[in-house]
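Structure data follow from upload31.cif (mmCIF, C-alpha atoms (C1' of nucleotides)):
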```
data_data
loop_
_atom_site.group_PDB
_atom_site.id
_atom_site.type_symbol
_atom_site.label_atom_id
_atom_site.label_comp_id
_atom_site.auth_asym_id
_atom_site.auth_seq_id
_atom_site.Cartn_x
_atom_site.Cartn_y
_atom_site.Cartn_z
ATOM 1 C CA MET A 211 247.520 143.708 55.477
ATOM 2 C CA PRO A 212 244.581 144.932 57.533
ATOM 3 C CA LYS A 213 241.566 146.634 56.088
ATOM 4 C CA LEU A 214 241.435 150.311 57.078
ATOM 5 C CA ASN A 215 238.826 150.874 59.773
ATOM 6 C CA ARG A 216 236.416 153.657 60.665
ATOM 7 C CA LYS A 217 238.945 155.379 62.905
ATOM 8 C CA PHE A 218 241.328 155.909 60.018
ATOM 9 C CA PHE A 219 238.681 157.800 58.054
ATOM 10 C CA GLU A 220 237.299 159.756 61.007
ATOM 11 C CA ASN A 221 240.532 161.687 61.122
ATOM 12 C CA ASN A 222 241.261 165.153 59.755
ATOM 13 C CA THR A 223 240.561 165.052 56.009
ATOM 14 C CA LEU A 224 243.966 166.405 54.987
ATOM 15 C CA THR A 225 245.637 163.736 57.092
ATOM 16 C CA VAL A 226 243.486 161.011 55.574
ATOM 17 C CA ALA A 227 244.145 162.285 52.048
ATOM 18 C CA LYS A 228 247.897 162.151 52.660
ATOM 19 C CA GLU A 229 247.854 158.785 54.392
ATOM 20 C CA LEU A 230 245.760 157.189 51.680
ATOM 21 C CA LEU A 231 248.708 157.634 49.322
ATOM 22 C CA GLY A 232 250.420 154.281 48.939
ATOM 23 C CA LYS A 233 247.477 152.333 50.355
ATOM 24 C CA THR A 234 245.802 149.632 48.312
ATOM 25 C CA LEU A 235 242.303 150.055 46.896
ATOM 26 C CA VAL A 236 240.409 146.802 46.493
ATOM 27 C CA PHE A 237 237.380 146.699 44.193
ATOM 28 C CA ASN A 238 236.109 143.294 43.089
ATOM 29 C CA ASN A 239 239.050 141.648 41.350
ATOM 30 C CA TYR A 240 241.097 144.809 41.091
ATOM 31 C CA GLN A 241 243.839 145.926 43.434
ATOM 32 C CA GLY A 242 245.735 149.160 43.001
ATOM 33 C CA ILE A 243 247.990 151.567 44.855
ATOM 34 C CA VAL A 244 246.461 154.988 45.481
ATOM 35 C CA THR A 245 248.723 157.567 43.854
ATOM 36 C CA GLU A 246 246.685 160.756 43.911
ATOM 37 C CA THR A 247 244.018 162.232 46.203
ATOM 38 C CA GLU A 248 242.182 165.482 46.848
ATOM 39 C CA ALA A 249 240.458 166.771 49.995
ATOM 40 C CA TYR A 250 237.037 168.446 50.080
ATOM 41 C CA ILE A 251 236.323 169.790 53.503
ATOM 42 C CA GLY A 252 233.145 171.180 54.972
ATOM 43 C CA GLU A 253 230.569 173.803 54.074
ATOM 44 C CA ASN A 254 233.195 176.549 54.153
ATOM 45 C CA ASP A 255 235.118 174.958 51.302
ATOM 46 C CA PRO A 256 233.508 176.518 48.202
ATOM 47 C CA ALA A 257 234.634 173.647 45.983
ATOM 48 C CA CYS A 258 233.027 171.030 48.210
ATOM 49 C CA HIS A 259 229.635 169.797 47.028
ATOM 50 C CA ALA A 260 228.351 170.389 50.546
ATOM 51 C CA ALA A 261 229.209 174.099 50.341
ATOM 52 C CA LYS A 262 225.533 174.862 49.730
ATOM 53 C CA GLY A 263 224.432 172.704 52.600
ATOM 54 C CA ARG A 264 222.734 169.377 53.044
ATOM 55 C CA THR A 265 220.974 168.027 49.952
ATOM 56 C CA LYS A 266 219.952 164.595 48.820
ATOM 57 C CA ARG A 267 223.192 164.292 46.913
ATOM 58 C CA THR A 268 225.515 165.501 49.681
ATOM 59 C CA GLU A 269 223.883 163.762 52.611
ATOM 60 C CA VAL A 270 226.403 160.905 52.385
ATOM 61 C CA MET A 271 229.152 163.345 53.256
ATOM 62 C CA TYR A 272 227.320 164.248 56.446
ATOM 63 C CA GLY A 273 227.169 160.612 57.450
ATOM 64 C CA LYS A 274 229.694 158.237 58.949
ATOM 65 C CA ALA A 275 233.285 158.229 57.746
ATOM 66 C CA GLY A 276 234.450 155.335 55.620
ATOM 67 C CA PHE A 277 231.463 155.366 53.261
ATOM 68 C CA SER A 278 231.821 155.796 49.510
ATOM 69 C CA TYR A 279 230.524 158.899 47.747
ATOM 70 C CA VAL A 280 230.170 158.336 43.998
ATOM 71 C CA TYR A 281 228.580 160.845 41.640
ATOM 72 C CA LEU A 282 228.294 161.486 37.923
ATOM 73 C CA ILE A 283 230.117 164.504 36.550
ATOM 74 C CA TYR A 284 229.794 166.158 33.129
ATOM 75 C CA GLY A 285 227.188 163.606 32.189
ATOM 76 C CA MET A 286 229.772 160.922 31.487
ATOM 77 C CA TYR A 287 232.267 160.282 34.230
ATOM 78 C CA TYR A 288 231.974 159.004 37.763
ATOM 79 C CA CYS A 289 234.088 160.271 40.634
ATOM 80 C CA PHE A 290 234.828 158.113 43.652
ATOM 81 C CA ASN A 291 235.304 159.679 47.088
ATOM 82 C CA ILE A 292 235.613 158.374 50.623
ATOM 83 C CA VAL A 293 233.737 160.198 53.388
ATOM 84 C CA THR A 294 235.889 161.452 56.264
ATOM 85 C CA GLU A 295 235.624 163.186 59.655
ATOM 86 C CA GLN A 296 232.877 162.994 62.254
ATOM 87 C CA GLN A 297 229.184 162.434 61.660
ATOM 88 C CA ASP A 298 227.433 165.648 60.520
ATOM 89 C CA PHE A 299 230.664 167.223 59.273
ATOM 90 C CA PRO A 300 230.626 167.003 55.445
ATOM 91 C CA ALA A 301 234.024 166.081 54.045
ATOM 92 C CA ALA A 302 235.531 163.545 51.687
ATOM 93 C CA VAL A 303 238.674 162.502 49.854
ATOM 94 C CA LEU A 304 238.512 162.172 46.068
ATOM 95 C CA ILE A 305 240.577 159.299 44.686
ATOM 96 C CA ARG A 306 242.185 160.674 41.537
ATOM 97 C CA GLY A 307 244.798 158.099 40.629
ATOM 98 C CA VAL A 308 245.485 154.387 41.095
ATOM 99 C CA LYS A 309 248.273 152.143 39.887
ATOM 100 C CA LEU A 310 247.148 148.598 39.199
ATOM 101 C CA LYS A 311 249.161 145.429 39.724
ATOM 102 C CA SER A 312 249.562 145.224 35.990
ATOM 103 C CA GLU A 313 251.578 148.452 36.288
ATOM 104 C CA GLN A 314 248.766 150.173 34.460
ATOM 105 C CA HIS A 315 248.373 153.682 35.787
ATOM 106 C CA LEU A 316 244.842 155.056 35.954
ATOM 107 C CA ASP A 317 245.445 158.767 36.029
ATOM 108 C CA GLY A 318 242.262 160.746 36.650
ATOM 109 C CA PRO A 319 239.084 160.126 38.639
ATOM 110 C CA GLY A 320 236.879 159.564 35.602
ATOM 111 C CA LYS A 321 239.242 157.097 33.962
ATOM 112 C CA LEU A 322 239.714 155.228 37.186
ATOM 113 C CA CYS A 323 235.997 154.691 37.765
ATOM 114 C CA LYS A 324 235.360 153.784 34.157
ATOM 115 C CA HIS A 325 238.093 151.157 34.119
ATOM 116 C CA LEU A 326 237.227 149.606 37.463
ATOM 117 C CA GLY A 327 233.487 149.790 36.829
ATOM 118 C CA ILE A 328 232.623 152.061 39.743
ATOM 119 C CA THR A 329 229.214 153.744 39.262
ATOM 120 C CA THR A 330 226.519 155.365 41.400
ATOM 121 C CA GLU A 331 225.488 151.802 42.133
ATOM 122 C CA HIS A 332 228.460 151.847 44.482
ATOM 123 C CA ASN A 333 227.455 155.034 46.231
ATOM 124 C CA LYS A 334 226.996 154.940 50.017
ATOM 125 C CA ILE A 335 228.831 151.680 50.563
ATOM 126 C CA ASP A 336 230.538 151.148 53.913
ATOM 127 C CA LEU A 337 234.131 150.497 52.895
ATOM 128 C CA THR A 338 234.972 149.277 56.386
ATOM 129 C CA LYS A 339 232.380 146.505 56.086
ATOM 130 C CA SER A 340 232.292 145.572 52.413
ATOM 131 C CA ILE A 341 234.135 142.432 51.387
ATOM 132 C CA TYR A 342 234.706 143.553 47.794
ATOM 133 C CA PHE A 343 235.220 147.327 48.125
ATOM 134 C CA TYR A 344 237.710 148.640 50.689
ATOM 135 C CA ILE A 345 241.169 150.067 51.331
ATOM 136 C CA LYS A 346 243.955 148.087 52.934
ATOM 137 C CA ASP A 347 247.315 148.840 54.358
ATOM 138 C CA ASN A 348 250.317 147.788 52.395
ATOM 139 C CA ASN A 349 252.949 145.623 54.083
ATOM 140 C CA LYS A 350 255.639 147.942 52.911
ATOM 141 C CA ASN A 351 254.048 151.134 54.131
ATOM 142 C CA GLN A 352 252.857 150.199 57.592
ATOM 143 C CA THR A 353 254.465 153.266 59.093
ATOM 144 C CA HIS A 354 252.639 156.097 57.414
ATOM 145 C CA ASN A 355 254.275 157.942 54.556
ATOM 146 C CA LYS A 356 257.730 158.326 55.972
ATOM 147 C CA SER A 357 259.310 156.785 52.952
ATOM 148 C CA LEU A 358 256.836 158.134 50.425
ATOM 149 C CA ASN A 359 257.447 161.273 48.429
ATOM 150 C CA PHE A 360 254.478 163.363 47.446
ATOM 151 C CA ILE A 361 253.728 166.857 46.231
ATOM 152 C CA GLN A 362 250.911 169.243 47.152
ATOM 153 C CA THR A 363 249.148 171.323 44.507
ATOM 154 C CA PRO A 364 245.834 173.114 44.045
ATOM 155 C CA ARG A 365 242.901 170.871 43.233
ATOM 156 C CA ILE A 366 242.126 170.158 39.596
ATOM 157 C CA GLY A 367 239.131 171.230 37.549
ATOM 158 C CA ILE A 368 237.570 173.666 40.013
ATOM 159 C CA LYS A 369 237.100 177.417 39.775
ATOM 160 C CA VAL A 370 236.797 178.210 43.464
ATOM 161 C CA GLY A 371 238.977 177.213 46.368
ATOM 162 C CA ILE A 372 242.058 177.014 44.150
ATOM 163 C CA GLU A 373 244.185 178.715 46.790
ATOM 164 C CA GLN A 374 244.173 175.592 48.923
ATOM 165 C CA LEU A 375 246.908 173.041 48.235
ATOM 166 C CA TRP A 376 244.635 170.118 48.882
ATOM 167 C CA ARG A 377 245.769 167.770 46.136
ATOM 168 C CA PHE A 378 248.341 165.130 47.027
ATOM 169 C CA LYS A 379 250.260 163.158 44.457
ATOM 170 C CA LEU A 380 252.956 160.539 44.816
ATOM 171 C CA VAL A 381 256.192 161.238 42.997
ATOM 172 C CA LYS A 382 259.092 158.934 42.299
ATOM 173 C CA PRO A 383 261.790 159.207 44.975
ATOM 174 C "C1'" DG B 251 209.211 173.653 33.699
ATOM 175 C "C1'" DA B 252 213.588 175.623 31.568
ATOM 176 C "C1'" DA B 253 218.345 176.923 32.070
ATOM 177 C "C1'" DT B 254 222.905 176.192 33.488
ATOM 178 C "C1'" DA B 255 227.143 174.780 35.592
ATOM 179 C "C1'" DG B 256 229.850 171.045 36.661
ATOM 180 C "C1'" DA B 257 235.740 167.661 41.576
ATOM 181 C "C1'" DT B 258 236.416 165.070 33.223
ATOM 182 C "C1'" DC B 259 238.517 163.247 29.195
ATOM 183 C "C1'" DC B 260 239.682 162.923 24.358
ATOM 184 C "C1'" DG B 261 240.584 164.426 19.935
ATOM 185 C "C1'" DC B 262 241.509 168.157 16.735
ATOM 186 C "C1'" DC C 212 240.163 174.557 22.742
ATOM 187 C "C1'" DG C 213 235.534 172.500 22.077
ATOM 188 C "C1'" DG C 214 232.329 168.645 22.264
ATOM 189 C "C1'" DA C 215 230.137 164.757 24.507
ATOM 190 C "C1'" DT C 216 226.172 164.011 27.664
ATOM 191 C "C1'" DC C 217 223.279 164.000 32.041
ATOM 192 C "C1'" DT C 218 221.945 165.464 36.613
ATOM 193 C "C1'" DA C 219 221.450 168.413 40.705
ATOM 194 C "C1'" DT C 220 220.471 172.737 41.600
ATOM 195 C "C1'" DT C 221 218.798 177.357 40.458
ATOM 196 C "C1'" DC C 222 215.715 180.502 38.277
ATOM 197 C "C1'" DA C 223 211.329 182.147 36.308
#
```
Rendering of file as structure tokens:
Amino acid sequence: MPKLNRKFFENNTLTVAKELLGKTLVFNNYQGIVTETEAYIGENDPACHAAKGRTKRTEVMYGKAGFSYVYLIYGMYYCFNIVTEQQDFPAAVLIRGVKLKSEQHLDGPGKLCKHLGITTEHNKIDLTKSIYFYIKDNNKNQTHNKSLNFIQTPRIGIKVGIEQLWRFKLVKP
DNA sequence: GAATAGATCCGC
DNA sequence: CGGATCTATTCA
């Protein structure tokens, strides 16, 4: 069950978002299967935080792939993303849903972060180096998503860029 | 400085 | 459908 490396995240963001489905997120003592993701890609994506260019907040997305991007939304919820693509290209995958070992399903980015305890303290962490915060391959799903069923829909909670089907969600076979 | 919109969630 | 609650960004 190898930890996902930089190369995995340096890929095309849509590919990474799809392939993250079924992978295992490790955060401290928690382990959970990723069930839902969304892609935010580049300055031409109006829903991406980097659409307005490089700022203090978005500079993580311009950095190396495999780093965490955590921010506070609506004054009360954190959202956890993983930076993708090459250096200087701003893109990330939002983790929207995780199923824990306890069969508990954390459905929604805010809920997920609240339950696991992810905050801006965990912003800009290298997930390929951290020993407590990373993604690993599942034994069962070594060969991509061949056996995994997922649907594509518009992204949730945004007013622009809704024409793109950049949300990926696992469904029961 | 002040105003406002925002990748959410919960309860009514 | 509105309120909670705070910050990054925009506007004056």
| Result set of the PyMOL selection byres ((chain A and resi 271-285) around 6) on the coordinates above, as number ranges by chain | A: 216, 219-220, 268-270, 286-295, 297-301, 330, 333-337; C: 216-217
Any idea which chain B residues end up within 7 Å of chain A if we count only C-alpha atoms (C1' of nucleotides), as an mmCIF file with C-alpha atoms (C1' of nucleotides), keeping the file's coordinate frame please?
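For reference, out-v9.cif as written:
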```cif
data_model
loop_
_atom_site.group_PDB
_atom_site.id
_atom_site.type_symbol
_atom_site.label_atom_id
_atom_site.label_comp_id
_atom_site.auth_asym_id
_atom_site.auth_seq_id
_atom_site.Cartn_x
_atom_site.Cartn_y
_atom_site.Cartn_z
ATOM 1 C "C1'" DG B 256 229.850 171.045 36.661
ATOM 2 C "C1'" DA B 257 235.740 167.661 41.576
ATOM 3 C "C1'" DT B 258 236.416 165.070 33.223
#
```
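Applied to the file shown here, the PyMOL selection byres ((chain C) within 12 of (chain A)) selects DG214, DA215, DT216, DC217, DT218, DA219, DT220 and DT221 of chain C.
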| query | Given the file above and the PyMOL selection byres ((chain B and resi 253) around 12), which residues are selected, and can you give them as a ChimeraX atom specification? | reply | /B:251-252,254-255 /C:220-223
| field | atom CA of Ile341 of chain A to atom CA of Pro212 of chain A, straight-line distance in Å | value | 12.4 Å
| request: In Å, rounded to a single decimal, give me how far atom CA of Thr363 of chain A is from atom CA of Val236 of chain A. | output: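 Atom-to-atom, atom CA of Val236 of chain A to atom CA of Thr363 of chain A, that is 26.1 Å.
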Can you tell me, as lines of an AutoDock Vina configuration file, the centre and edge lengths (Å, one decimal) of the axis-aligned box enclosing all of segment 312-317 of chain A's listed atoms after padding each side by 8 Å?
```
center_x = 248.2
center_y = 152.0
center_z = 35.4
size_x = 22.7
size_y = 29.5
size_z = 17.8
```
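Here atom C1' of DC259 of chain B stands at a distance of 17.9 Å from atom CA of Thr247 of chain A.
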| Neighbours of Lys213 of chain A within 8 Å (all atoms listed in the file; same-chain residues fewer than 6 positions away dropped), as a list in words? | Thr338, Tyr344, Ile345, Lys346 and Asp347 of chain A
| said: Taking all atoms listed in the file into account, name the residue in A:Leu380, A:Leu316, A:Val370, A:Ile328 that is nearest to Leu230 of chain A. | reply: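 Smallest distance to Leu230 of chain A is found for A:Leu380.
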| message | List the spatial neighbours of DC212 of chain C as a list in words - criterion: any atom at most 12 Å away, all atoms listed in the file, same-chain residues fewer than 5 positions off excluded. | response |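 The residues that qualify are DC260, DG261 and DC262 of chain B.
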